[in-house]
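K.L.:
Coordinates in model.cif, mmCIF, C-alpha atoms, are listed below.
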data_run
#
loop_
_atom_site.label_atom_id
_atom_site.label_comp_id
_atom_site.auth_asym_id
_atom_site.auth_seq_id
_atom_site.Cartn_x
_atom_site.Cartn_y
_atom_site.Cartn_z
CA MET A 1 0.00 0.00 0.00
CA ASN A 2 1.54 3.36 -1.04
CA GLU A 3 1.27 6.60 0.83
CA SER A 4 -1.50 8.02 -1.32
CA THR A 5 -3.92 5.30 -0.29
CA PHE A 6 -4.11 6.40 3.34
CA PRO A 7 -7.04 8.68 4.20
CA GLY A 8 -6.02 12.32 4.39
CA THR A 9 -2.99 12.08 2.04
CA GLU A 10 -4.80 12.71 -1.26
CA GLN A 11 -4.79 16.33 -2.64
CA ASN A 12 -8.15 18.07 -2.71
CA ASP A 13 -9.28 20.72 -5.23
CA PHE A 14 -8.09 23.61 -3.12
CA GLU A 15 -4.58 22.19 -2.71
CA GLN A 16 -4.30 21.61 -6.48
CA TYR A 17 -5.37 25.21 -7.12
CA ASP A 18 -2.74 26.62 -4.74
CA ALA A 19 0.00 24.46 -6.25
CA GLY A 20 -0.80 25.71 -9.76
CA ALA A 21 -0.81 29.37 -8.66
CA GLN A 22 2.71 29.08 -7.24
CA HIS A 23 4.04 27.95 -10.64
CA GLY A 24 2.28 30.74 -12.56
CA THR A 25 0.02 28.47 -14.51
CA GLU A 26 -3.53 29.39 -15.25
CA GLN A 27 -5.96 27.55 -13.03
CA PRO A 28 -9.72 27.45 -12.98
CA GLU A 29 -11.64 29.16 -10.23
CA PRO A 30 -11.71 27.10 -7.06
CA PRO A 31 -14.97 25.27 -6.47
CA ALA A 32 -17.46 26.75 -4.09
CA ALA A 33 -17.22 25.40 -0.57
CA PRO A 34 -19.96 22.87 0.10
CA ALA A 35 -22.58 23.63 2.70
CA ALA A 36 -21.37 22.78 6.15
CA GLU A 37 -22.68 19.48 7.41
CA ALA A 38 -22.32 17.90 10.77
CA PRO A 39 -19.63 15.22 10.57
CA ALA A 40 -20.94 11.69 10.81
CA PRO A 41 -19.97 9.93 14.03
CA PRO A 42 -17.15 7.43 13.53
CA GLN A 43 -18.20 3.84 13.07
CA ARG A 44 -16.94 1.66 15.89
CA THR A 45 -16.64 -1.99 15.08
CA LEU A 46 -15.65 -4.95 17.19
CA THR A 47 -13.08 -7.14 15.52
CA PRO A 48 -13.83 -10.85 16.10
CA PRO A 49 -11.23 -13.60 16.37
CA GLU A 50 -9.91 -14.74 13.01
CA ASN A 51 -11.36 -18.23 13.28
CA TYR A 52 -15.01 -17.14 13.70
CA ALA A 53 -15.63 -18.15 10.11
CA ALA A 54 -14.78 -21.76 10.95
CA MET A 55 -17.43 -22.05 13.66
CA PRO A 56 -20.13 -24.67 13.05
CA ARG A 57 -23.60 -23.61 11.98
CA PRO A 58 -26.41 -23.58 14.53
CA THR A 59 -27.58 -27.00 15.65
CA ALA A 60 -30.53 -25.82 17.75
CA LYS A 61 -32.94 -23.06 16.85
CA LEU A 62 -36.44 -21.79 17.50
CA THR A 63 -38.99 -23.05 15.01
CA ALA A 64 -41.11 -20.89 12.74
CA GLU A 65 -44.04 -21.60 15.04
CA ASP A 66 -42.12 -20.23 18.01
CA LEU A 67 -41.47 -17.02 16.07
CA ALA A 68 -45.06 -16.61 14.89
CA PRO A 69 -46.58 -13.12 15.18
CA VAL A 70 -48.25 -12.12 18.41
CA SER A 71 -52.00 -12.55 18.69
CA ASP A 72 -52.65 -8.83 18.09
CA PRO A 73 -51.81 -8.30 14.39
CA SER A 74 -52.10 -4.52 14.71
CA GLY A 75 -49.39 -4.27 17.34
CA PRO A 76 -45.70 -4.11 16.40
CA ARG A 77 -43.38 -6.87 17.51
CA LYS A 78 -41.28 -5.95 20.54
CA ILE A 79 -37.57 -5.68 19.73
CA GLY A 80 -35.44 -7.34 22.38
CA PRO A 81 -31.96 -6.42 23.61
CA THR A 82 -30.40 -8.64 20.93
CA GLY A 83 -31.92 -6.41 18.23
CA ARG A 84 -34.33 -9.12 17.05
CA PRO A 85 -38.12 -9.37 17.49
CA MET A 86 -38.98 -11.17 20.70
CA PRO A 87 -40.61 -14.58 20.09
CA ASP A 88 -44.14 -15.20 21.30
CA LEU A 89 -43.37 -18.35 23.25
CA PRO A 90 -46.30 -20.41 24.54
CA GLU A 91 -46.87 -20.86 28.23
CA VAL A 92 -45.08 -23.90 29.62
CA LEU A 93 -47.54 -26.62 30.63
CA PRO A 94 -46.87 -29.03 33.49
CA PRO A 95 -45.38 -32.34 32.35
CA THR A 96 -47.57 -35.38 32.00
CA LYS A 97 -44.78 -37.72 33.09
CA THR A 98 -41.27 -37.63 34.54
CA GLY A 99 -38.17 -38.29 32.45
CA PRO A 100 -36.13 -39.16 30.63
CA ALA A 101 -34.04 -36.14 31.53
CA GLN A 102 -32.59 -33.58 29.15
CA VAL A 103 -28.97 -33.20 30.35
CA ILE A 104 -27.62 -29.68 29.79
CA ALA A 105 -24.11 -28.48 30.60
CA MET A 106 -23.46 -24.85 31.57
CA CYS A 107 -20.08 -24.42 29.95
CA ASN A 108 -17.58 -21.61 29.39
CA GLN A 109 -13.88 -21.90 30.11
CA LYS A 110 -13.74 -18.25 31.21
CA GLY A 111 -14.58 -17.69 34.84
CA GLY A 112 -16.95 -15.08 36.19
CA VAL A 113 -19.41 -15.12 33.28
CA GLY A 114 -22.47 -16.28 35.24
CA LYS A 115 -22.40 -20.07 34.86
CA THR A 116 -23.27 -20.83 38.48
CA THR A 117 -25.85 -18.04 38.75
CA THR A 118 -27.51 -19.28 35.56
CA THR A 119 -27.44 -22.93 36.67
CA ILE A 120 -29.13 -22.16 39.98
CA ASN A 121 -31.74 -19.71 38.73
CA LEU A 122 -32.56 -21.50 35.47
CA GLY A 123 -32.97 -24.72 37.42
CA ALA A 124 -35.30 -23.03 39.90
CA ALA A 125 -37.31 -21.42 37.08
CA ILE A 126 -37.75 -24.78 35.33
CA ALA A 127 -38.71 -26.40 38.64
CA GLU A 128 -41.52 -23.82 38.96
CA THR A 129 -43.13 -25.38 35.87
CA GLY A 130 -43.58 -28.66 37.75
CA ARG A 131 -40.59 -30.42 36.23
CA LYS A 132 -38.21 -32.46 38.34
CA VAL A 133 -34.76 -30.83 38.13
CA LEU A 134 -31.33 -31.97 39.31
CA LEU A 135 -28.40 -29.54 39.59
CA ILE A 136 -24.93 -31.08 39.47
CA ASP A 137 -22.17 -28.99 40.99
CA PHE A 138 -19.20 -30.06 38.88
CA ASP A 139 -16.84 -27.30 40.00
CA PRO A 140 -14.35 -28.01 42.84
CA GLN A 141 -15.06 -24.53 44.22
CA GLY A 142 -18.56 -25.73 45.16
CA SER A 143 -20.21 -22.44 44.23
CA ALA A 144 -23.52 -23.96 43.14
CA SER A 145 -23.70 -25.85 46.45
CA ILE A 146 -23.10 -22.66 48.41
CA GLY A 147 -25.68 -20.82 46.31
CA LEU A 148 -28.30 -23.34 47.41
CA GLY A 149 -27.41 -23.22 51.10
CA VAL A 150 -25.08 -26.24 51.29
CA GLN A 151 -21.67 -25.81 52.94
CA PRO A 152 -19.11 -27.81 50.91
CA HIS A 153 -16.72 -28.36 53.83
CA ASP A 154 -19.51 -30.08 55.81
CA LEU A 155 -20.21 -32.70 53.15
CA GLU A 156 -19.58 -36.33 53.99
CA LEU A 157 -20.29 -37.45 50.44
CA SER A 158 -20.06 -35.42 47.24
CA VAL A 159 -20.01 -35.91 43.49
CA TYR A 160 -16.34 -36.89 43.88
CA ASN A 161 -17.30 -40.01 45.84
CA LEU A 162 -19.92 -40.85 43.24
CA LEU A 163 -17.32 -40.65 40.47
CA MET A 164 -14.50 -42.53 42.16
CA GLN A 165 -16.23 -45.13 44.40
CA ARG A 166 -18.25 -47.85 42.73
CA ASP A 167 -20.14 -48.68 45.94
CA ILE A 168 -21.67 -45.19 46.24
CA THR A 169 -25.10 -44.67 44.68
CA PRO A 170 -26.59 -41.34 43.51
CA ALA A 171 -29.33 -41.55 46.13
CA GLU A 172 -26.69 -41.39 48.87
CA VAL A 173 -25.25 -38.11 47.54
CA ILE A 174 -28.23 -36.21 46.10
CA GLN A 175 -29.77 -33.66 48.46
CA ALA A 176 -33.16 -32.00 48.33
CA THR A 177 -33.16 -28.18 48.35
CA LYS A 178 -35.60 -25.65 49.76
CA VAL A 179 -37.04 -25.21 46.27
CA PRO A 180 -39.77 -27.72 45.37
CA ASN A 181 -38.82 -30.13 42.56
CA LEU A 182 -35.15 -29.05 42.72
CA ASP A 183 -32.41 -31.46 43.90
CA LEU A 184 -28.65 -30.94 44.20
CA LEU A 185 -25.65 -33.18 43.63
CA PRO A 186 -23.09 -31.18 45.65
CA ALA A 187 -19.33 -30.80 45.26
CA ASN A 188 -16.34 -29.60 47.25
CA ILE A 189 -12.58 -29.27 46.85
CA ASP A 190 -12.23 -33.08 46.74
CA LEU A 191 -13.45 -32.95 43.15
CA SER A 192 -10.15 -31.36 42.08
CA ALA A 193 -8.44 -34.69 42.79
CA ALA A 194 -10.72 -36.45 40.33
CA GLU A 195 -9.11 -34.56 37.42
CA VAL A 196 -5.82 -36.32 38.19
CA GLN A 197 -7.19 -39.70 39.22
CA LEU A 198 -9.43 -40.08 36.17
CA VAL A 199 -6.43 -39.90 33.85
CA GLN A 200 -5.60 -43.50 34.73
CA GLU A 201 -9.13 -44.77 34.23
CA VAL A 202 -10.38 -46.71 31.22
CA ALA A 203 -12.95 -44.68 29.22
CA ARG A 204 -12.29 -41.78 31.59
CA GLU A 205 -14.40 -39.36 29.52
CA TYR A 206 -17.54 -41.44 30.18
CA THR A 207 -17.30 -41.60 33.98
CA LEU A 208 -19.99 -39.00 34.70
CA GLN A 209 -22.27 -40.48 32.04
CA ARG A 210 -21.96 -43.87 33.72
CA VAL A 211 -23.00 -42.61 37.16
CA LEU A 212 -25.89 -40.51 35.78
CA GLU A 213 -27.40 -43.26 33.66
CA PRO A 214 -29.47 -44.83 36.50
CA ILE A 215 -31.13 -41.52 37.45
CA ILE A 216 -31.95 -40.19 33.97
CA PRO A 217 -35.54 -41.58 34.20
CA ASN A 218 -36.08 -39.83 37.56
CA TYR A 219 -35.71 -36.25 36.32
CA ASP A 220 -36.97 -34.04 33.52
CA VAL A 221 -33.93 -31.75 33.35
CA ILE A 222 -30.38 -32.18 34.67
CA LEU A 223 -28.15 -29.08 34.69
CA ILE A 224 -24.38 -29.41 35.11
CA ASP A 225 -22.44 -26.43 36.45
CA CYS A 226 -19.02 -26.89 34.83
CA ALA A 227 -15.68 -25.65 36.13
CA PRO A 228 -14.09 -22.63 34.37
CA SER A 229 -11.70 -24.75 32.32
CA LEU A 230 -11.61 -27.14 29.38
CA GLY A 231 -10.07 -29.99 31.34
CA LEU A 232 -11.14 -33.59 31.88
CA LEU A 233 -14.02 -32.68 34.19
CA THR A 234 -15.55 -30.41 31.56
CA VAL A 235 -15.06 -33.06 28.87
CA ASN A 236 -16.89 -35.52 31.14
CA ALA A 237 -19.76 -33.07 31.48
CA LEU A 238 -19.98 -32.54 27.71
CA THR A 239 -19.85 -36.28 27.05
CA ALA A 240 -22.70 -36.89 29.52
CA SER A 241 -24.87 -34.08 28.10
CA ASN A 242 -27.09 -33.76 25.05
CA GLY A 243 -27.23 -29.97 25.24
CA ILE A 244 -25.01 -27.00 26.10
CA VAL A 245 -25.90 -23.53 27.31
CA VAL A 246 -23.02 -21.05 27.06
CA PRO A 247 -23.35 -18.11 29.49
CA LEU A 248 -21.40 -15.22 27.98
CA GLU A 249 -20.57 -12.00 29.79
CA CYS A 250 -21.13 -9.07 27.43
CA GLU A 251 -17.46 -8.14 27.47
CA PHE A 252 -14.76 -8.52 24.80
CA PHE A 253 -12.47 -11.02 26.58
CA ALA A 254 -15.42 -13.38 27.07
CA LEU A 255 -16.28 -13.01 23.39
CA ARG A 256 -12.79 -14.06 22.32
CA GLY A 257 -13.00 -17.29 24.33
CA LEU A 258 -15.99 -18.55 22.33
CA ALA A 259 -13.77 -19.68 19.46
CA MET A 260 -11.77 -22.01 21.73
CA LEU A 261 -14.93 -23.33 23.36
CA THR A 262 -16.68 -24.11 20.07
CA ASP A 263 -13.55 -25.92 18.90
CA THR A 264 -13.65 -28.14 22.01
CA ILE A 265 -17.38 -28.77 21.54
CA GLY A 266 -16.74 -29.80 17.93
CA LYS A 267 -14.09 -32.31 19.01
CA VAL A 268 -16.40 -33.82 21.63
CA GLN A 269 -19.15 -34.11 19.01
CA ASP A 270 -16.81 -35.86 16.56
CA ARG A 271 -15.04 -38.21 18.95
CA LEU A 272 -17.17 -38.80 22.06
CA ASN A 273 -20.78 -37.60 21.86
CA PRO A 274 -22.38 -37.08 18.43
CA LYS A 275 -25.73 -36.23 20.08
CA LEU A 276 -24.31 -33.10 21.72
CA GLU A 277 -25.94 -29.85 20.56
CA ILE A 278 -25.56 -26.20 21.48
CA VAL A 279 -28.91 -25.20 22.95
CA GLY A 280 -28.02 -21.53 23.00
CA ILE A 281 -25.66 -18.72 23.98
CA LEU A 282 -26.87 -16.54 26.83
CA GLY A 283 -25.81 -12.92 27.24
CA THR A 284 -25.20 -12.21 30.93
CA MET A 285 -24.21 -9.17 33.03
CA PHE A 286 -25.63 -6.98 30.28
CA ASP A 287 -25.72 -3.23 30.83
CA GLY A 288 -27.52 -1.58 27.93
CA ARG A 289 -26.27 1.85 28.99
CA THR A 290 -22.73 1.05 27.82
CA THR A 291 -21.75 1.07 24.16
CA HIS A 292 -19.27 -1.76 24.71
CA ALA A 293 -21.91 -4.17 26.04
CA ARG A 294 -24.23 -3.40 23.13
CA GLU A 295 -21.41 -3.90 20.61
CA VAL A 296 -20.40 -7.24 22.10
CA LEU A 297 -23.97 -8.52 22.13
CA ASP A 298 -24.48 -7.34 18.55
CA ARG A 299 -21.29 -9.13 17.45
CA VAL A 300 -22.38 -12.36 19.12
CA VAL A 301 -25.72 -12.22 17.28
CA GLN A 302 -23.90 -11.60 13.99
CA ALA A 303 -21.60 -14.59 14.53
CA PHE A 304 -24.04 -17.10 16.03
CA ASP A 305 -27.47 -15.94 14.83
CA GLU A 306 -30.22 -18.33 16.04
CA ARG A 307 -28.02 -19.91 18.66
CA VAL A 308 -28.20 -16.71 20.76
CA PHE A 309 -31.10 -16.66 23.22
CA HIS A 310 -33.52 -13.76 22.91
CA THR A 311 -33.47 -13.47 26.69
CA VAL A 312 -30.59 -11.46 28.13
CA ILE A 313 -29.67 -11.40 31.83
CA ARG A 314 -28.99 -7.85 32.98
CA ARG A 315 -26.73 -6.70 35.80
CA THR A 316 -28.42 -6.38 39.18
CA VAL A 317 -27.38 -6.20 42.83
CA LYS A 318 -29.90 -8.95 43.63
CA PHE A 319 -27.66 -11.83 42.50
CA PRO A 320 -24.92 -11.32 45.15
CA GLU A 321 -27.64 -11.08 47.78
CA THR A 322 -29.12 -14.43 46.78
CA THR A 323 -25.73 -16.09 47.28
CA VAL A 324 -25.60 -14.85 50.87
CA VAL A 325 -29.04 -16.24 51.72
CA GLY A 326 -28.46 -19.47 49.77
CA GLU A 327 -31.51 -19.47 47.50
CA PRO A 328 -32.35 -18.65 43.86
CA ILE A 329 -33.64 -15.29 42.70
CA THR A 330 -37.04 -16.82 41.92
CA THR A 331 -37.72 -17.32 45.65
CA TYR A 332 -35.62 -14.47 47.08
CA ALA A 333 -37.15 -11.77 44.86
CA PRO A 334 -39.87 -13.55 42.85
CA SER A 335 -41.32 -10.38 41.31
CA SER A 336 -37.99 -8.82 40.33
CA GLN A 337 -36.91 -8.24 36.74
CA ALA A 338 -34.05 -10.72 37.23
CA ALA A 339 -36.49 -13.46 38.24
CA MET A 340 -38.68 -12.72 35.23
CA GLN A 341 -35.65 -12.89 32.92
CA TYR A 342 -34.79 -16.39 34.15
CA ARG A 343 -38.40 -17.49 33.77
CA ASP A 344 -38.28 -16.23 30.18
CA LEU A 345 -35.03 -18.12 29.69
CA ALA A 346 -36.66 -21.29 31.04
CA LYS A 347 -39.37 -20.94 28.38
CA GLU A 348 -36.76 -20.62 25.65
CA VAL A 349 -34.72 -23.57 26.90
CA LEU A 350 -37.78 -25.82 27.14
CA ALA A 351 -38.90 -24.69 23.66
CA ARG A 352 -35.52 -25.69 22.23
CA CYS A 353 -35.36 -28.91 24.26
CA PRO A 354 -38.86 -30.39 24.07
CA ALA A 355 -37.62 -33.61 25.63
CA GLY A 356 -37.31 -31.63 28.88
#
Could you rewrite the structure in this file as structure tokens?
P.N.:
Amino acid sequence: MNESTFPGTEQNDFEQYDAGAQHGTEQPEPPAAPAAEAPAPPQRTLTPPENYAAMPRPTAKLTAEDLAPVSDPSGPRKIGPTGRPMPDLPEVLPPTKTGPAQVIAMCNQKGGVGKTTTTINLGAAIAETGRKVLLIDFDPQGSASIGLGVQPHDLELSVYNLLMQRDITPAEVIQATKVPNLDLLPANIDLSAAEVQLVQEVAREYTLQRVLEPIIPNYDVILIDCAPSLGLLTVNALTASNGIVVPLECEFFALRGLAMLTDTIGKVQDRLNPKLEIVGILGTMFDGRTTHAREVLDRVVQAFDERVFHTVIRRTVKFPETTVVGEPITTYAPSSQAAMQYRDLAKEVLARCPAG
């Protein structure tokens, strides 16, 4: 690229006129100055990772029926925070039977994006519909356990014992929570040892699937809160699941990590679990007042289209408060906007996963 191709280096009509006058040559009259116009604001774009183009196409989407116009044809469709018309999802009816469970992993290798908050509150919102829900805390930090009022250091048995001891049954480890229809498979720091010990096991990627198989008929939905990594525990969770929800903080560093995550998901689909599908990508910690958050969410929609949930979880001070009291937002502040957002998310998840 030569110098003349950069903006601002080319000569305009006035500069050419002045140059000709200095050499004594006859020049035409300079053109009249155009009417002053307000300069257009600069276009700010968010550059995605180079390998976005290689990402797989959506594997789960809302149907045309889900996106049908609202009942009032004279009213305009409401535009959601993702810039798309909000779907008119039907009310969720109580189930006619229990199971087999839809197993969904909450997965993102970046920490602090809302995986645990989403696992707890989505599980509670689905449980409100009458479905039997099991939350699996698969993070050695035990955050999901704490968020439901269970102290990890007081546990006698945890998901670690279920993985590593053949004589332990799920019924011995699963605990009921204060929320009706919501059970918990808790975890503590012992689970970090499983990452090392499983390396020596035969078919180590299928260990969690093996221990969950007997309880699949007992639940409608099983949600797995994954650790913030792409290690063996996360691979176990993806192998045991048939769906993935990716909580994504509306911030650029979280956006960049999606390429690595989708690459891992593709490898698990090819080599371990061909039934695995991405249920959706969920924008979390969204603050519509900031340009950066809006740009990130817009870029995610451009890159992933139908895989992005219409529901977006906004920032609120309520979520830290729920952790202190050890209960989900749907019972701590049932009429809050945050609770309504997770109920809307539950509708979308159940619409995309009818088996649940």
K.L.:
Pick from A:Val301, A:Leu148, A:Cys250, A:Val173: nearest to A:Thr116, with all atoms listed in the file counted?
P.N.:
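Checking each of A:Val301, A:Leu148, A:Cys250, A:Val173 against A:Thr116, counting all atoms listed in the file, the winner is A:Leu148.
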K.L.:
Can you tell me which residues surround A:Thr311 at a distance of at most 9 Å, considering only C-alpha atoms, apart from same-chain residues fewer than 4 positions away, and format the answer as a ChimeraX atom specification?
P.N.:
/A:80-82,86,282-283,341-342,344-345,348
K.L.:
So how many Å separate atom CA of A:Thr207 and atom CA of A:Leu191, to one decimal?
P.N.:
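Separation between atom CA of A:Thr207 and atom CA of A:Leu191: 13.2 Å.
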K.L.:
Any idea what the distance is between atom CA of A:Gly326 and atom CA of A:Pro170?
P.N.:
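One can read the atom CA of A:Gly326 to atom CA of A:Pro170 distance as 22.8 Å.
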K.L.:
Anything within 12 Å of (-36.6, -9.3, 41.8): list those residues as a list in words, counting all atoms listed in the file and sticking to the file's coordinates.
P.N.:
Asn121, Arg314, Arg315, Thr316, Val317, Lys318, Phe319, Glu321, Thr322, Pro328, Ile329, Thr330, Thr331, Tyr332, Ala333, Pro334, Ser335, Ser336, Gln337, Ala338, Ala339, Met340, Gln341, Tyr342 and Arg343 of chain A
K.L.:
Could you work out how far atom CA of A:Gly280 lies from atom CA of A:Val246, giving the answer in Å with one decimal?
P.N.:
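Taking atom CA of A:Val246 and atom CA of A:Gly280, their separation equals 6.5 Å.
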K.L.:
List the residues selected by the PyMOL selection byres ((chain A and resi 189) around 8) in the file shown, writing them as a list in words.
P.N.:
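Applied to this file, the PyMOL selection byres ((chain A and resi 189) around 8) selects Pro140, Gln141, Gly142, Pro152, Ala187, Asn188, Asp190, Leu191, Ser192 and Ala193 of chain A.
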